[in-house]
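Listing of run26.cif; format and content: mmCIF, C-alpha atoms, pLDDT in the B column; chains and numbers go by the auth columns.
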```cif
data_final
#
loop_
_atom_site.group_PDB
_atom_site.id
_atom_site.type_symbol
_atom_site.label_atom_id
_atom_site.label_comp_id
_atom_site.label_asym_id
_atom_site.label_seq_id
_atom_site.Cartn_x
_atom_site.Cartn_y
_atom_site.Cartn_z
_atom_site.B_iso_or_equiv
_atom_site.auth_seq_id
_atom_site.auth_asym_id
ATOM 1 C CA MET A 1 19.299 -19.007 74.710 37.00 1 A
ATOM 2 C CA THR A 2 17.546 -19.615 71.397 39.00 2 A
ATOM 3 C CA PRO A 3 19.146 -21.802 68.709 37.00 3 A
ATOM 4 C CA GLN A 4 19.488 -18.699 66.536 37.00 4 A
ATOM 5 C CA ALA A 5 21.326 -16.804 69.292 39.00 5 A
ATOM 6 C CA ALA A 6 23.562 -19.802 69.993 41.00 6 A
ATOM 7 C CA ALA A 7 24.613 -19.849 66.320 52.00 7 A
ATOM 8 C CA VAL A 8 25.965 -16.277 66.375 72.00 8 A
ATOM 9 C CA ARG A 9 29.669 -16.299 65.448 83.00 9 A
ATOM 10 C CA LEU A 10 31.531 -13.005 65.513 89.00 10 A
ATOM 11 C CA THR A 11 35.171 -12.095 65.119 92.00 11 A
ATOM 12 C CA ILE A 12 36.491 -9.596 67.637 93.00 12 A
ATOM 13 C CA GLY A 13 36.047 -6.791 65.107 92.00 13 A
ATOM 14 C CA GLU A 14 32.425 -7.782 64.451 91.00 14 A
ATOM 15 C CA LEU A 15 31.803 -8.091 68.182 91.00 15 A
ATOM 16 C CA ALA A 16 33.221 -4.607 68.764 91.00 16 A
ATOM 17 C CA GLU A 17 30.952 -3.165 66.069 90.00 17 A
ATOM 18 C CA ALA A 18 27.842 -4.942 67.420 88.00 18 A
ATOM 19 C CA ALA A 19 28.581 -3.827 70.998 87.00 19 A
ATOM 20 C CA GLY A 20 29.494 -0.252 70.081 86.00 20 A
ATOM 21 C CA MET A 21 32.984 -0.644 71.537 88.00 21 A
ATOM 22 C CA THR A 22 36.532 -0.700 70.243 91.00 22 A
ATOM 23 C CA VAL A 23 38.600 -3.845 69.883 92.00 23 A
ATOM 24 C CA ARG A 24 40.967 -2.332 72.447 92.00 24 A
ATOM 25 C CA ASN A 25 38.093 -2.043 74.956 91.00 25 A
ATOM 26 C CA ILE A 26 37.221 -5.706 74.458 93.00 26 A
ATOM 27 C CA ARG A 27 40.806 -6.866 74.886 92.00 27 A
ATOM 28 C CA ASN A 28 41.039 -4.760 78.036 91.00 28 A
ATOM 29 C CA HIS A 29 37.882 -6.391 79.431 91.00 29 A
ATOM 30 C CA GLN A 30 39.325 -9.818 78.628 89.00 30 A
ATOM 31 C CA SER A 31 42.598 -9.038 80.387 88.00 31 A
ATOM 32 C CA ARG A 32 40.630 -7.973 83.476 86.00 32 A
ATOM 33 C CA GLY A 33 38.624 -11.198 83.475 85.00 33 A
ATOM 34 C CA LEU A 34 35.363 -9.422 82.643 87.00 34 A
ATOM 35 C CA LEU A 35 34.721 -11.294 79.401 88.00 35 A
ATOM 36 C CA PRO A 36 34.884 -15.078 78.805 86.00 36 A
ATOM 37 C CA PRO A 37 37.469 -16.195 76.253 88.00 37 A
ATOM 38 C CA PRO A 38 36.373 -16.807 72.654 88.00 38 A
ATOM 39 C CA VAL A 39 36.169 -20.179 70.948 86.00 39 A
ATOM 40 C CA LEU A 40 39.396 -20.681 68.973 85.00 40 A
ATOM 41 C CA GLU A 41 39.201 -22.182 65.508 83.00 41 A
ATOM 42 C CA ALA A 42 42.299 -22.199 63.300 80.00 42 A
ATOM 43 C CA ARG A 43 43.843 -19.429 65.428 81.00 43 A
ATOM 44 C CA THR A 44 40.762 -17.226 65.046 86.00 44 A
ATOM 45 C CA GLY A 45 38.671 -16.409 68.091 89.00 45 A
ATOM 46 C CA TYR A 46 34.889 -16.455 67.634 90.00 46 A
ATOM 47 C CA TYR A 47 32.445 -14.810 69.998 91.00 47 A
ATOM 48 C CA GLY A 48 28.766 -15.564 70.569 86.00 48 A
ATOM 49 C CA GLU A 49 25.620 -14.023 71.986 83.00 49 A
ATOM 50 C CA ARG A 50 26.769 -14.468 75.587 83.00 50 A
ATOM 51 C CA HIS A 51 29.815 -12.291 74.895 89.00 51 A
ATOM 52 C CA LEU A 52 27.629 -9.597 73.344 87.00 52 A
ATOM 53 C CA GLU A 53 25.247 -9.729 76.308 84.00 53 A
ATOM 54 C CA ARG A 54 28.171 -9.454 78.742 86.00 54 A
ATOM 55 C CA LEU A 55 29.564 -6.383 76.964 90.00 55 A
ATOM 56 C CA ARG A 56 26.147 -4.695 77.034 85.00 56 A
ATOM 57 C CA LEU A 57 25.882 -5.502 80.727 82.00 57 A
ATOM 58 C CA ILE A 58 29.307 -3.960 81.376 85.00 58 A
ATOM 59 C CA ARG A 59 28.305 -0.799 79.505 84.00 59 A
ATOM 60 C CA ALA A 60 25.041 -0.578 81.455 78.00 60 A
ATOM 61 C CA MET A 61 26.874 -0.983 84.771 77.00 61 A
ATOM 62 C CA GLN A 62 29.411 1.686 83.797 81.00 62 A
ATOM 63 C CA ALA A 63 26.531 4.030 82.942 77.00 63 A
ATOM 64 C CA ASP A 64 25.132 3.350 86.428 71.00 64 A
ATOM 65 C CA GLY A 65 28.391 4.505 88.011 74.00 65 A
ATOM 66 C CA PHE A 66 30.318 1.258 88.576 76.00 66 A
ATOM 67 C CA ASN A 67 34.025 1.278 87.760 81.00 67 A
ATOM 68 C CA LEU A 68 35.641 -1.742 86.102 84.00 68 A
ATOM 69 C CA GLU A 69 37.052 -3.158 89.343 79.00 69 A
ATOM 70 C CA ALA A 70 33.630 -2.974 90.993 74.00 70 A
ATOM 71 C CA ILE A 71 32.089 -4.623 87.939 77.00 71 A
ATOM 72 C CA ARG A 72 34.677 -7.414 88.094 78.00 72 A
ATOM 73 C CA ARG A 73 33.834 -8.062 91.724 70.00 73 A
ATOM 74 C CA LEU A 74 30.104 -7.982 91.077 69.00 74 A
ATOM 75 C CA LEU A 75 30.346 -10.317 88.096 71.00 75 A
ATOM 76 C CA GLY A 76 32.382 -12.696 90.209 66.00 76 A
ATOM 77 C CA GLY A 77 29.484 -13.322 92.595 60.00 77 A
ATOM 78 C CA SER A 78 26.395 -14.846 91.001 58.00 78 A
ATOM 79 C CA GLU A 79 23.878 -13.787 93.664 60.00 79 A
ATOM 80 C CA LEU A 80 25.199 -10.251 94.040 60.00 80 A
ATOM 81 C CA ARG A 81 25.540 -9.919 90.276 61.00 81 A
ATOM 82 C CA ARG A 82 21.909 -10.890 89.791 66.00 82 A
ATOM 83 C CA ALA A 83 20.735 -8.390 92.395 67.00 83 A
ATOM 84 C CA ALA A 84 22.892 -5.524 91.159 65.00 84 A
ATOM 85 C CA THR A 85 22.473 -5.914 87.418 64.00 85 A
ATOM 86 C CA ALA A 86 19.146 -7.639 86.830 67.00 86 A
ATOM 87 C CA PRO A 87 17.212 -5.551 84.303 68.00 87 A
ATOM 88 C CA ALA A 88 13.778 -4.305 85.289 70.00 88 A
ATOM 89 C CA GLU A 89 12.347 -5.882 82.134 77.00 89 A
ATOM 90 C CA ALA A 90 13.289 -8.324 79.418 78.00 90 A
ATOM 91 C CA PRO A 91 14.514 -6.752 76.159 84.00 91 A
ATOM 92 C CA ALA A 92 12.360 -6.948 73.031 88.00 92 A
ATOM 93 C CA VAL A 93 13.523 -7.789 69.509 91.00 93 A
ATOM 94 C CA LEU A 94 11.873 -5.960 66.614 92.00 94 A
ATOM 95 C CA THR A 95 12.152 -5.873 62.853 93.00 95 A
ATOM 96 C CA GLU A 96 12.075 -2.708 60.750 93.00 96 A
ATOM 97 C CA ALA A 97 8.471 -3.618 59.899 94.00 97 A
ATOM 98 C CA ASP A 98 7.646 -3.728 63.622 94.00 98 A
ATOM 99 C CA LEU A 99 9.145 -0.260 64.100 93.00 99 A
ATOM 100 C CA GLU A 100 7.255 1.130 61.126 92.00 100 A
ATOM 101 C CA ALA A 101 3.992 -0.286 62.491 92.00 101 A
ATOM 102 C CA ARG A 102 4.596 1.566 65.749 90.00 102 A
ATOM 103 C CA PHE A 103 6.199 4.803 64.550 90.00 103 A
ATOM 104 C CA GLY A 104 5.269 5.121 60.896 88.00 104 A
ATOM 105 C CA PRO A 105 7.782 5.431 58.033 88.00 105 A
ATOM 106 C CA LEU A 106 11.286 5.169 59.456 84.00 106 A
ATOM 107 C CA ASP A 107 13.306 8.345 59.709 87.00 107 A
ATOM 108 C CA ARG A 108 16.841 7.048 59.121 89.00 108 A
ATOM 109 C CA ALA A 109 18.409 9.918 61.032 92.00 109 A
ATOM 110 C CA ALA A 110 16.106 9.303 64.011 90.00 110 A
ATOM 111 C CA LEU A 111 16.832 5.566 63.801 91.00 111 A
ATOM 112 C CA ALA A 112 20.570 6.232 63.904 92.00 112 A
ATOM 113 C CA GLU A 113 20.045 8.547 66.883 92.00 113 A
ATOM 114 C CA ALA A 114 18.019 5.874 68.697 91.00 114 A
ATOM 115 C CA GLU A 115 20.937 3.472 68.169 90.00 115 A
ATOM 116 C CA ARG A 116 23.445 6.051 69.412 89.00 116 A
ATOM 117 C CA LEU A 117 21.394 6.585 72.563 87.00 117 A
ATOM 118 C CA GLY A 118 21.003 2.856 73.195 86.00 118 A
ATOM 119 C CA VAL A 119 17.223 2.961 72.796 89.00 119 A
ATOM 120 C CA LEU A 120 17.733 0.421 70.014 92.00 120 A
ATOM 121 C CA ALA A 121 20.662 -1.871 69.271 89.00 121 A
ATOM 122 C CA ARG A 122 21.114 -3.335 65.803 89.00 122 A
ATOM 123 C CA LEU A 123 21.615 -7.103 65.888 89.00 123 A
ATOM 124 C CA PRO A 124 23.875 -8.987 63.470 85.00 124 A
ATOM 125 C CA ASP A 125 20.813 -10.410 61.654 86.00 125 A
ATOM 126 C CA GLY A 126 19.454 -6.913 60.868 87.00 126 A
ATOM 127 C CA ARG A 127 16.780 -6.827 63.543 91.00 127 A
ATOM 128 C CA PHE A 128 16.817 -4.441 66.510 92.00 128 A
ATOM 129 C CA GLU A 129 16.882 -5.071 70.239 90.00 129 A
ATOM 130 C CA ALA A 130 15.109 -2.653 72.550 89.00 130 A
ATOM 131 C CA PRO A 131 16.831 -3.052 75.954 86.00 131 A
ATOM 132 C CA SER A 132 13.905 -1.218 77.580 87.00 132 A
ATOM 133 C CA PRO A 133 10.537 -1.966 75.942 89.00 133 A
ATOM 134 C CA ALA A 134 8.959 0.465 78.437 89.00 134 A
ATOM 135 C CA LEU A 135 11.108 3.300 77.081 90.00 135 A
ATOM 136 C CA LEU A 136 10.091 2.368 73.541 90.00 136 A
ATOM 137 C CA ARG A 137 6.411 2.355 74.562 91.00 137 A
ATOM 138 C CA ALA A 138 6.845 5.801 76.118 91.00 138 A
ATOM 139 C CA ALA A 139 8.361 7.114 72.871 90.00 139 A
ATOM 140 C CA GLU A 140 5.482 5.566 70.937 90.00 140 A
ATOM 141 C CA ALA A 141 2.942 7.227 73.233 92.00 141 A
ATOM 142 C CA ALA A 142 4.692 10.586 72.836 91.00 142 A
ATOM 143 C CA VAL A 143 4.593 10.271 69.045 90.00 143 A
ATOM 144 C CA ARG A 144 0.872 9.452 69.170 90.00 144 A
ATOM 145 C CA LEU A 145 0.346 12.661 71.166 92.00 145 A
ATOM 146 C CA GLY A 146 2.015 14.637 68.416 92.00 146 A
ATOM 147 C CA VAL A 147 5.591 14.871 69.712 91.00 147 A
ATOM 148 C CA GLY A 148 8.112 14.374 66.926 89.00 148 A
ATOM 149 C CA LEU A 149 10.405 11.374 67.331 89.00 149 A
ATOM 150 C CA PRO A 150 13.592 13.511 67.082 90.00 150 A
ATOM 151 C CA ALA A 151 12.267 15.727 69.912 92.00 151 A
ATOM 152 C CA ALA A 152 11.393 12.673 72.008 90.00 152 A
ATOM 153 C CA LEU A 153 14.928 11.333 71.519 91.00 153 A
ATOM 154 C CA ARG A 154 16.418 14.679 72.592 91.00 154 A
ATOM 155 C CA VAL A 155 14.464 14.384 75.830 90.00 155 A
ATOM 156 C CA VAL A 156 15.771 10.836 76.293 88.00 156 A
ATOM 157 C CA GLU A 157 19.355 12.072 75.951 88.00 157 A
ATOM 158 C CA GLU A 158 18.864 14.915 78.431 88.00 158 A
ATOM 159 C CA VAL A 159 17.007 12.811 80.976 89.00 159 A
ATOM 160 C CA ARG A 160 19.521 9.962 80.676 83.00 160 A
ATOM 161 C CA ALA A 161 22.327 12.306 81.684 83.00 161 A
ATOM 162 C CA SER A 162 20.352 13.274 84.794 86.00 162 A
ATOM 163 C CA CYS A 163 19.577 9.616 85.522 85.00 163 A
ATOM 164 C CA ALA A 164 23.271 8.736 85.332 81.00 164 A
ATOM 165 C CA THR A 165 23.977 11.410 87.956 85.00 165 A
ATOM 166 C CA MET A 166 21.215 10.048 90.183 87.00 166 A
ATOM 167 C CA ALA A 167 22.425 6.480 89.703 83.00 167 A
ATOM 168 C CA ARG A 168 25.956 7.467 90.764 83.00 168 A
ATOM 169 C CA ALA A 169 24.500 9.045 93.901 86.00 169 A
ATOM 170 C CA PHE A 170 22.675 5.841 94.857 84.00 170 A
ATOM 171 C CA VAL A 171 25.669 3.646 94.001 79.00 171 A
ATOM 172 C CA ALA A 172 27.764 5.894 96.255 81.00 172 A
ATOM 173 C CA VAL A 173 25.231 5.415 99.061 82.00 173 A
ATOM 174 C CA PHE A 174 25.494 1.654 98.625 78.00 174 A
ATOM 175 C CA THR A 175 29.285 1.557 98.562 74.00 175 A
ATOM 176 C CA GLU A 176 29.714 4.042 101.423 77.00 176 A
ATOM 177 C CA GLU A 177 26.865 3.015 103.721 80.00 177 A
ATOM 178 C CA LEU A 178 26.018 -0.614 102.958 75.00 178 A
ATOM 179 C CA TRP A 179 29.004 -2.268 101.321 68.00 179 A
ATOM 180 C CA SER A 180 32.004 -3.668 103.181 68.00 180 A
ATOM 181 C CA PRO A 181 34.501 -6.420 102.301 62.00 181 A
ATOM 182 C CA SER A 182 33.231 -8.489 105.237 65.00 182 A
ATOM 183 C CA LEU A 183 29.648 -8.423 103.955 65.00 183 A
ATOM 184 C CA GLY A 184 28.467 -11.818 102.771 67.00 184 A
ATOM 185 C CA GLU A 185 27.205 -12.188 99.218 65.00 185 A
ATOM 186 C CA SER A 186 23.628 -12.895 100.321 72.00 186 A
ATOM 187 C CA GLU A 187 23.651 -9.883 102.651 76.00 187 A
ATOM 188 C CA ALA A 188 25.065 -7.624 99.919 73.00 188 A
ATOM 189 C CA ALA A 189 22.488 -8.899 97.423 74.00 189 A
ATOM 190 C CA ALA A 190 19.679 -8.229 99.902 78.00 190 A
ATOM 191 C CA ALA A 191 20.997 -4.703 100.461 78.00 191 A
ATOM 192 C CA VAL A 192 21.070 -4.014 96.715 78.00 192 A
ATOM 193 C CA GLU A 193 17.585 -5.445 96.208 78.00 193 A
ATOM 194 C CA GLY A 194 16.287 -3.277 99.042 82.00 194 A
ATOM 195 C CA LEU A 195 17.951 -0.118 97.752 81.00 195 A
ATOM 196 C CA ARG A 196 16.739 -0.348 94.146 81.00 196 A
ATOM 197 C CA PRO A 197 13.002 0.193 94.839 85.00 197 A
ATOM 198 C CA VAL A 198 13.849 2.924 97.366 87.00 198 A
ATOM 199 C CA ALA A 199 15.890 4.679 94.677 87.00 199 A
ATOM 200 C CA ALA A 200 13.063 4.350 92.150 87.00 200 A
ATOM 201 C CA GLN A 201 10.471 5.708 94.600 91.00 201 A
ATOM 202 C CA THR A 202 12.733 8.632 95.510 91.00 202 A
ATOM 203 C CA VAL A 203 13.365 9.573 91.886 88.00 203 A
ATOM 204 C CA LEU A 204 9.665 9.319 90.987 89.00 204 A
ATOM 205 C CA ALA A 205 8.563 11.456 93.942 93.00 205 A
ATOM 206 C CA LEU A 206 11.149 14.143 93.178 90.00 206 A
ATOM 207 C CA PHE A 207 10.251 14.085 89.488 89.00 207 A
ATOM 208 C CA HIS A 208 6.565 14.687 90.235 90.00 208 A
ATOM 209 C CA GLN A 209 7.523 17.682 92.354 93.00 209 A
ATOM 210 C CA ALA A 210 9.910 19.015 89.721 90.00 210 A
ATOM 211 C CA ILE A 211 7.537 18.690 86.781 89.00 211 A
ATOM 212 C CA ALA A 212 4.729 20.363 88.714 92.00 212 A
ATOM 213 C CA GLY A 213 7.026 23.272 89.507 91.00 213 A
ATOM 214 C CA GLU A 214 8.245 23.580 85.916 89.00 214 A
ATOM 215 C CA ALA A 215 4.676 23.459 84.577 88.00 215 A
ATOM 216 C CA GLU A 216 3.600 26.197 86.976 87.00 216 A
ATOM 217 C CA ARG A 217 6.516 28.433 85.948 89.00 217 A
ATOM 218 C CA ALA A 218 5.760 27.859 82.261 87.00 218 A
ATOM 219 C CA LEU A 219 2.095 28.768 82.749 85.00 219 A
ATOM 220 C CA GLU A 220 2.992 31.887 84.684 85.00 220 A
ATOM 221 C CA ALA A 221 5.415 32.946 81.952 83.00 221 A
ATOM 222 C CA GLY A 222 2.668 32.551 79.369 71.00 222 A
ATOM 223 C CA ASP A 223 0.184 34.773 81.216 65.00 223 A
#
```
Please express what this file holds, its structure, as structure tokens.
Amino acid sequence: MTPQAAAVRLTIGELAEAAGMTVRNIRNHQSRGLLPPPVLEARTGYYGERHLERLRLIRAMQADGFNLEAIRRLLGGSELRRAATAPAEAPAVLTEADLEARFGPLDRAALAEAERLGVLARLPDGRFEAPSPALLRAAEAAVRLGVGLPAALRVVEEVRASCATMARAFVAVFTEELWSPSLGESEAAAAVEGLRPVAAQTVLALFHQAIAGEAERALEAGD
């Protein structure tokens, strides 16, 4: 953790705003043991970067189909947690100037939509975190090809909904076919690590088939 990140001090209200959650959500996560306690100073609890990262991780796991009890169990085991929740890439931090260099003059409405979709997350210091730099690069490539940023973000929203459905299907396969209470942490972690690339390969193969079919239908309709 960088010295700047370590110096982040947020009240519970500020933490809720930065994480895109309600104070009630955060207190609920604390009562379930999902979030470490704050540092108390003069009866005020202060939260840091690790709390913000944990809340983003919880949201990402919920989007992937995990319920809160499953998340609690996963977060309780370091090896299984790493295997189940490790991001495919490290997030990137960008300034408004960085975004303008990549996308041109900022469209405030599009920027707000990118935040709503989780493509960007505004940090307390005014910069932005891109949880998936690859997704941001894809949006940049689409804009260079002439696709408007608002249209690209609409595609992100539609595809994300489909991805959430697919993720739930693979999580169900794991919990129904591979997971059992008697499974050791190392064995469960190995099962998760083995399933993730299989899931990615399956989705990519099916997507190639689907987009070829859709392109053919569109061409036939235009004839």
Task: Expansion of the PyMOL selection byres ((chain A and resi 91-101) around 9) into residues, as a list in words - done: Pro87, Glu89, Ala90, Arg102, Phe103, Gly104, Pro105, Leu106, Leu123, Gly126, Arg127, Phe128, Glu129, Ala130, Pro131, Ser132 and Pro133 of chain A
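Note that CA of Ala112 in chain A and CA of Leu52 in chain A are 19.7 Å apart.
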Task: Hits of the PyMOL selection byres ((chain A and resi 15) around 12) in this structure, as a ChimeraX atom specification - done: /A:8-14,16-27,38,45-56,122-124
For those residues, write C-alpha atoms to a file as an mmCIF file, in the coordinates of the input.
```cif
data_model
loop_
_atom_site.group_PDB
_atom_site.id
_atom_site.type_symbol
_atom_site.label_atom_id
_atom_site.label_comp_id
_atom_site.auth_asym_id
_atom_site.auth_seq_id
_atom_site.Cartn_x
_atom_site.Cartn_y
_atom_site.Cartn_z
ATOM 1 C CA VAL A 8 25.965 -16.277 66.375
ATOM 2 C CA ARG A 9 29.669 -16.299 65.448
ATOM 3 C CA LEU A 10 31.531 -13.005 65.513
ATOM 4 C CA THR A 11 35.171 -12.095 65.119
ATOM 5 C CA ILE A 12 36.491 -9.596 67.637
ATOM 6 C CA GLY A 13 36.047 -6.791 65.107
ATOM 7 C CA GLU A 14 32.425 -7.782 64.451
ATOM 8 C CA ALA A 16 33.221 -4.607 68.764
ATOM 9 C CA GLU A 17 30.952 -3.165 66.069
ATOM 10 C CA ALA A 18 27.842 -4.942 67.420
ATOM 11 C CA ALA A 19 28.581 -3.827 70.998
ATOM 12 C CA GLY A 20 29.494 -0.252 70.081
ATOM 13 C CA MET A 21 32.984 -0.644 71.537
ATOM 14 C CA THR A 22 36.532 -0.700 70.243
ATOM 15 C CA VAL A 23 38.600 -3.845 69.883
ATOM 16 C CA ARG A 24 40.967 -2.332 72.447
ATOM 17 C CA ASN A 25 38.093 -2.043 74.956
ATOM 18 C CA ILE A 26 37.221 -5.706 74.458
ATOM 19 C CA ARG A 27 40.806 -6.866 74.886
ATOM 20 C CA PRO A 38 36.373 -16.807 72.654
ATOM 21 C CA GLY A 45 38.671 -16.409 68.091
ATOM 22 C CA TYR A 46 34.889 -16.455 67.634
ATOM 23 C CA TYR A 47 32.445 -14.810 69.998
ATOM 24 C CA GLY A 48 28.766 -15.564 70.569
ATOM 25 C CA GLU A 49 25.620 -14.023 71.986
ATOM 26 C CA ARG A 50 26.769 -14.468 75.587
ATOM 27 C CA HIS A 51 29.815 -12.291 74.895
ATOM 28 C CA LEU A 52 27.629 -9.597 73.344
ATOM 29 C CA GLU A 53 25.247 -9.729 76.308
ATOM 30 C CA ARG A 54 28.171 -9.454 78.742
ATOM 31 C CA LEU A 55 29.564 -6.383 76.964
ATOM 32 C CA ARG A 56 26.147 -4.695 77.034
ATOM 33 C CA ARG A 122 21.114 -3.335 65.803
ATOM 34 C CA LEU A 123 21.615 -7.103 65.888
ATOM 35 C CA PRO A 124 23.875 -8.987 63.470
#
```
Open item on the list: Selection in question (the file shown): the PyMOL selection byres ((chain A and resi 168) around 12). Which residues does it include, as a ChimeraX atom specification?
Closed with: /A:61-67,161-167,169-176,199
Open item on the list: For a quick check of understanding, using only C-alpha atoms, which of A:Ile58, A:Leu111, A:Ala210, A:Leu153 has the smallest distance to Gln30 in chain A?
Closed with: A:Ile58
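For the pair CA of Ala114 in chain A and CA of Glu140 in chain A, the separation is 12.7 Å.
With CA of Arg72 in chain A on one side and CA of Val192 in chain A on the other, the separation reads 16.5 Å.
Between Leu57 in chain A and the residues A:Ala151, A:Leu120, A:Glu69, A:Leu75, the shortest atom-to-atom distance, using only C-alpha atoms, involves A:Leu75.
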Task: From A:Leu178, A:Asp125, A:His29, A:Ala215, residue lying nearest Leu195 in chain A [only C-alpha atoms] - done: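 Residue with the minimum atom-to-atom distance to Leu195 in chain A: A:Leu178.
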